[in-house]
Structure formats: structure tokens, C-alpha cells
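Here's the structure, in C-alpha cells; my notes come after.
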Amino acid sequence: MSATRYKVFASVSPGLEKYLASELRRITGGKPSAWRVVEGGAESTSLAREGLWEVCRQSRLAEGVRVRIGEVKSKTFYDFISGIERLPWTAYLKRPSPPPEVKAVCHASTLYHSDAVAERLVTALVNRGVCRYQDVTPGAQKFVDERAKPPPPPPPEGR
């Protein structure tokens, strides 16, 4: 048995949250408070690795299962980068590994450019030595490459 406990969020279609929580309690053998109903799914703050795998294998309602590594509150990209570099990435990702697929959504955030948020996250993983740069996800690599391209030459005179 693993002593590590994970904060897990399982997503489901709207209106099915209480049924998902009930199913997950049955799968993990948890008490009623083990899974809490939240908007869009159910979450557990203390799930062992074995329970996490059982949820992934057996749940028929969960549309997605995510392990929450931490929370970063920031108003600037500098604060965002500082916050994500402090998270325990090496506890979840082997070194050096291909980076995870990053999809950022920015709702009601001062960091409103989701591609820039995703690119900063991948860059932070590379800087921490968790990921290799040549393995950067295609969307983020394209974003970085486009910024590095020199401007096109001016058109020839006389035409």
C-alpha cells in the first residue's frame, strides 16, 4: 500500500455529480465523506494510489480523472512562473520525460492569454529539468518558434 495521498477530481456531465460521488465511494470503499460533490464532478482530498487506479479502471460515469498537484494564485506572469516552479512536479513526472499535454483556459483572470500560460508552464517544466526541451508539446513549440523568427525582408524597391 502506498502512503502517498492524492487530491483527485473526477469530472462528469452536469446533473450527474451526486451519482458519480456515490459510484466513487463504492469503488474506493470510502465513507460518505470520502468523495465530495462539487460543480462538474466529485473530489477526494485523500485518495491512495491504488484507489486512484481503481477509479480510472472501474468508473463508468467519470469522463475524466485529474490529480491536483497544487494551486497557484497570481496576477502577473512572474508570480505565475514562481508559483508553478515551487510545485512538486518531480513527485508526479519522471525525469527527464516528455512534457504533459497542456491546455490552459483563462476565465476571469488577469492572465488572459491561454497560449502564453501554457507556454510558461512548459518552459517552467524544462527549467526545472523535468522535461526535455525538444519534447515540448507541438502547440507550445510553435508558439515559441513564431516569436523567435526574424521579420520578413522588405520588398524590393522599384516595384
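Quick note on naming: the chains in the C-alpha cells go A, B, ... in the order shown, residues restart at 1 in each chain, and ligands are numbered from 1 in order of appearance.
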
>> For the alpha helix (DSSP H) assignment from backbone DSSP, which residues of region 42-92 of chain A qualify? Please present them as JSON, numbers by chain.
In response: {"A": [49, 50, 51, 52, 53, 54, 55, 56, 57, 58, 77, 78, 79, 80, 81, 82, 83, 84, 85]}

Can I get the selected residues back with N, CA and C atoms, as a compact mmCIF listing (two decimals), in the first residue's frame?
```
# COMPACT_ATOMS: atom_id res chain seq x y z
N ARG A 49 -2.88 5.77 -4.06
CA ARG A 49 -2.60 5.44 -5.46
C ARG A 49 -3.44 4.26 -5.95
N GLU A 50 -3.60 3.26 -5.12
CA GLU A 50 -4.39 2.10 -5.51
C GLU A 50 -5.84 2.51 -5.79
N GLY A 51 -6.38 3.39 -4.95
CA GLY A 51 -7.74 3.88 -5.16
C GLY A 51 -7.86 4.69 -6.43
N LEU A 52 -6.82 5.46 -6.73
CA LEU A 52 -6.80 6.26 -7.96
C LEU A 52 -6.89 5.36 -9.18
N TRP A 53 -6.09 4.29 -9.19
CA TRP A 53 -6.13 3.36 -10.32
C TRP A 53 -7.47 2.65 -10.42
N GLU A 54 -8.07 2.30 -9.28
CA GLU A 54 -9.37 1.64 -9.29
C GLU A 54 -10.44 2.56 -9.87
N VAL A 55 -10.39 3.85 -9.53
CA VAL A 55 -11.34 4.82 -10.07
C VAL A 55 -11.18 4.88 -11.59
N CYS A 56 -9.95 4.96 -12.07
CA CYS A 56 -9.70 5.04 -13.52
C CYS A 56 -10.19 3.79 -14.24
N ARG A 57 -10.02 2.63 -13.63
CA ARG A 57 -10.41 1.38 -14.28
C ARG A 57 -11.90 1.09 -14.22
N GLN A 58 -12.54 1.41 -13.10
CA GLN A 58 -13.89 0.91 -12.87
C GLN A 58 -15.00 1.93 -13.05
N PHE A 77 2.60 37.26 -14.84
CA PHE A 77 3.29 36.05 -15.31
C PHE A 77 4.48 35.72 -14.43
N TYR A 78 5.14 36.73 -13.86
CA TYR A 78 6.27 36.48 -12.96
C TYR A 78 5.81 35.68 -11.75
N ASP A 79 4.69 36.09 -11.12
CA ASP A 79 4.16 35.36 -9.98
C ASP A 79 3.71 33.95 -10.38
N PHE A 80 3.13 33.84 -11.58
CA PHE A 80 2.68 32.54 -12.07
C PHE A 80 3.86 31.58 -12.22
N ILE A 81 4.92 32.04 -12.86
CA ILE A 81 6.10 31.19 -13.06
C ILE A 81 6.71 30.80 -11.71
N SER A 82 6.83 31.77 -10.80
CA SER A 82 7.39 31.48 -9.47
C SER A 82 6.55 30.42 -8.75
N GLY A 83 5.22 30.54 -8.87
CA GLY A 83 4.33 29.60 -8.21
C GLY A 83 4.41 28.20 -8.78
N ILE A 84 4.41 28.09 -10.11
CA ILE A 84 4.43 26.75 -10.69
C ILE A 84 5.79 26.08 -10.54
N GLU A 85 6.86 26.86 -10.43
CA GLU A 85 8.17 26.25 -10.21
C GLU A 85 8.30 25.70 -8.80
```

> Taking the backbone alone, and naming residues the way the document does, which bits of chain A are strand (DSSP E or B) by DSSP, as a VMD selection string?
Replying inline: chain A and resid 5 to 11 36 to 38 41 to 48 64 to 68 97 131

>> What does the structure give for the distance between CA of Leu121 (chain A) and CA of Ser13 (chain A), in Å to one decimal?
In response: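 Answer for the CA of Leu121 (chain A) to CA of Ser13 (chain A) separation: 27.9 Å.
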
>> Residues within 12 Å of Pro88 (chain A), please, as a ChimeraX atom specification. Count only C-alpha atoms; anything in the same chain fewer than 6 positions from it doesn't count.
In response: /A:68-71,94,125,128,130

Could the residues in this selection be written to a file with all heavy atoms, as a PDB file, in the first residue's frame?
```pdb
ATOM      1  N   ARG A  68      -4.806  16.781  -8.698  1.00  0.00           N
ATOM      2  CA  ARG A  68      -4.498  18.200  -8.492  1.00  0.00           C
ATOM      3  C   ARG A  68      -3.185  18.301  -7.732  1.00  0.00           C
ATOM      4  O   ARG A  68      -3.066  17.864  -6.590  1.00  0.00           O
ATOM      5  CB  ARG A  68      -5.633  18.886  -7.747  1.00  0.00           C
ATOM      6  CG  ARG A  68      -6.882  18.942  -8.612  1.00  0.00           C
ATOM      7  CD  ARG A  68      -7.953  19.778  -7.994  1.00  0.00           C
ATOM      8  NE  ARG A  68      -9.014  20.001  -8.994  1.00  0.00           N
ATOM      9  CZ  ARG A  68     -10.193  20.471  -8.707  1.00  0.00           C
ATOM     10  NH1 ARG A  68     -10.490  20.799  -7.474  1.00  0.00           N
ATOM     11  NH2 ARG A  68     -11.084  20.639  -9.663  1.00  0.00           N
ATOM     12  N   ILE A  69      -2.198  18.877  -8.390  1.00  0.00           N
ATOM     13  CA  ILE A  69      -0.866  18.988  -7.806  1.00  0.00           C
ATOM     14  C   ILE A  69      -0.799  20.146  -6.815  1.00  0.00           C
ATOM     15  O   ILE A  69      -0.171  20.054  -5.776  1.00  0.00           O
ATOM     16  CB  ILE A  69       0.192  19.165  -8.913  1.00  0.00           C
ATOM     17  CG1 ILE A  69       0.232  17.923  -9.777  1.00  0.00           C
ATOM     18  CG2 ILE A  69       1.555  19.463  -8.332  1.00  0.00           C
ATOM     19  CD1 ILE A  69       1.138  18.027 -10.971  1.00  0.00           C
ATOM     20  N   GLY A  70      -1.436  21.237  -7.127  1.00  0.00           N
ATOM     21  CA  GLY A  70      -1.397  22.404  -6.256  1.00  0.00           C
ATOM     22  C   GLY A  70      -2.181  23.537  -6.868  1.00  0.00           C
ATOM     23  O   GLY A  70      -2.783  23.406  -7.935  1.00  0.00           O
ATOM     24  N   GLU A  71      -2.156  24.650  -6.195  1.00  0.00           N
ATOM     25  CA  GLU A  71      -2.889  25.827  -6.650  1.00  0.00           C
ATOM     26  C   GLU A  71      -1.932  27.009  -6.678  1.00  0.00           C
ATOM     27  O   GLU A  71      -1.133  27.191  -5.763  1.00  0.00           O
ATOM     28  CB  GLU A  71      -4.030  26.101  -5.669  1.00  0.00           C
ATOM     29  CG  GLU A  71      -4.951  27.199  -6.096  1.00  0.00           C
ATOM     30  CD  GLU A  71      -6.122  27.322  -5.142  1.00  0.00           C
ATOM     31  OE1 GLU A  71      -6.791  26.308  -4.881  1.00  0.00           O
ATOM     32  OE2 GLU A  71      -6.355  28.440  -4.653  1.00  0.00           O
ATOM     33  N   LYS A  94       8.325  11.602 -14.168  1.00  0.00           N
ATOM     34  CA  LYS A  94       9.687  11.070 -14.143  1.00  0.00           C
ATOM     35  C   LYS A  94      10.604  12.035 -14.865  1.00  0.00           C
ATOM     36  O   LYS A  94      10.206  12.729 -15.777  1.00  0.00           O
ATOM     37  CB  LYS A  94       9.738   9.711 -14.829  1.00  0.00           C
ATOM     38  CG  LYS A  94       8.994   8.639 -14.104  1.00  0.00           C
ATOM     39  CD  LYS A  94       9.088   7.336 -14.868  1.00  0.00           C
ATOM     40  CE  LYS A  94       8.303   6.263 -14.157  1.00  0.00           C
ATOM     41  NZ  LYS A  94       8.341   5.002 -14.891  1.00  0.00           N
ATOM     42  N   LEU A 125       8.652  23.659 -16.634  1.00  0.00           N
ATOM     43  CA  LEU A 125       8.999  22.238 -16.510  1.00  0.00           C
ATOM     44  C   LEU A 125      10.371  21.955 -17.112  1.00  0.00           C
ATOM     45  O   LEU A 125      11.147  21.171 -16.572  1.00  0.00           O
ATOM     46  CB  LEU A 125       7.936  21.372 -17.181  1.00  0.00           C
ATOM     47  CG  LEU A 125       6.554  21.370 -16.529  1.00  0.00           C
ATOM     48  CD1 LEU A 125       5.577  20.563 -17.368  1.00  0.00           C
ATOM     49  CD2 LEU A 125       6.621  20.826 -15.118  1.00  0.00           C
ATOM     50  N   ARG A 128      13.047  23.333 -14.709  1.00  0.00           N
ATOM     51  CA  ARG A 128      13.217  22.502 -13.517  1.00  0.00           C
ATOM     52  C   ARG A 128      13.896  21.177 -13.835  1.00  0.00           C
ATOM     53  O   ARG A 128      14.224  20.408 -12.945  1.00  0.00           O
ATOM     54  CB  ARG A 128      11.856  22.195 -12.883  1.00  0.00           C
ATOM     55  CG  ARG A 128      11.160  23.332 -12.196  1.00  0.00           C
ATOM     56  CD  ARG A 128      11.571  23.560 -10.752  1.00  0.00           C
ATOM     57  NE  ARG A 128      11.655  22.411  -9.919  1.00  0.00           N
ATOM     58  CZ  ARG A 128      10.690  21.959  -9.135  1.00  0.00           C
ATOM     59  NH1 ARG A 128       9.537  22.548  -9.098  1.00  0.00           N
ATOM     60  NH2 ARG A 128      10.884  20.909  -8.378  1.00  0.00           N
ATOM     61  N   VAL A 130      12.492  18.709 -15.484  1.00  0.00           N
ATOM     62  CA  VAL A 130      11.512  17.634 -15.507  1.00  0.00           C
ATOM     63  C   VAL A 130      11.280  17.148 -16.936  1.00  0.00           C
ATOM     64  O   VAL A 130      11.051  15.975 -17.172  1.00  0.00           O
ATOM     65  CB  VAL A 130      10.178  18.108 -14.878  1.00  0.00           C
ATOM     66  CG1 VAL A 130       9.131  17.017 -14.925  1.00  0.00           C
ATOM     67  CG2 VAL A 130      10.411  18.549 -13.440  1.00  0.00           C
TER      68      VAL A 130
END
```

> Leaving out Ala21 (chain A) and any residue of its chain fewer than 3 positions from it, which residues lie within 10 Å of it when counting only C-alpha atoms, given as a ChimeraX atom specification?
Replying inline: /A:10,12,16-18,24-27,32-38,41-44,61-62

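When the distance limit is 9 Å and only C-alpha atoms are what count, the residues near Val105 (chain A), minus those fewer than 6 positions from it on the same chain, are A:Tyr112, A:His113, A:Ser114, A:Asp115, A:Val117, A:Ala118.
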
> What separation in Å, quoted to one decimal, exists between CA of Thr45 (chain A) and CA of His107 (chain A)?
Replying inline: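 CA of His107 (chain A) lies 24.4 Å from CA of Thr45 (chain A).
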
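Atom pair CA of Glu39 (chain A) / CA of Arg5 (chain A) has a distance of 22.4 Å (rounded to one decimal).
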
> In terms of the shortest atom-to-atom distance over only C-alpha atoms, which of A:Asn127, A:Ala3, A:Arg120, A:Phe9 is closest to Ala104 (chain A)?
Replying inline: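 Result for the nearest residue to Ala104 (chain A): A:Arg120.
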
> Quick one: residues within 8 Å of Pro96 (chain A), only C-alpha atoms counted, chain neighbours fewer than 4 positions away excluded, as JSON, numbers by chain?
Replying inline: {"A": [129, 130, 131, 132]}
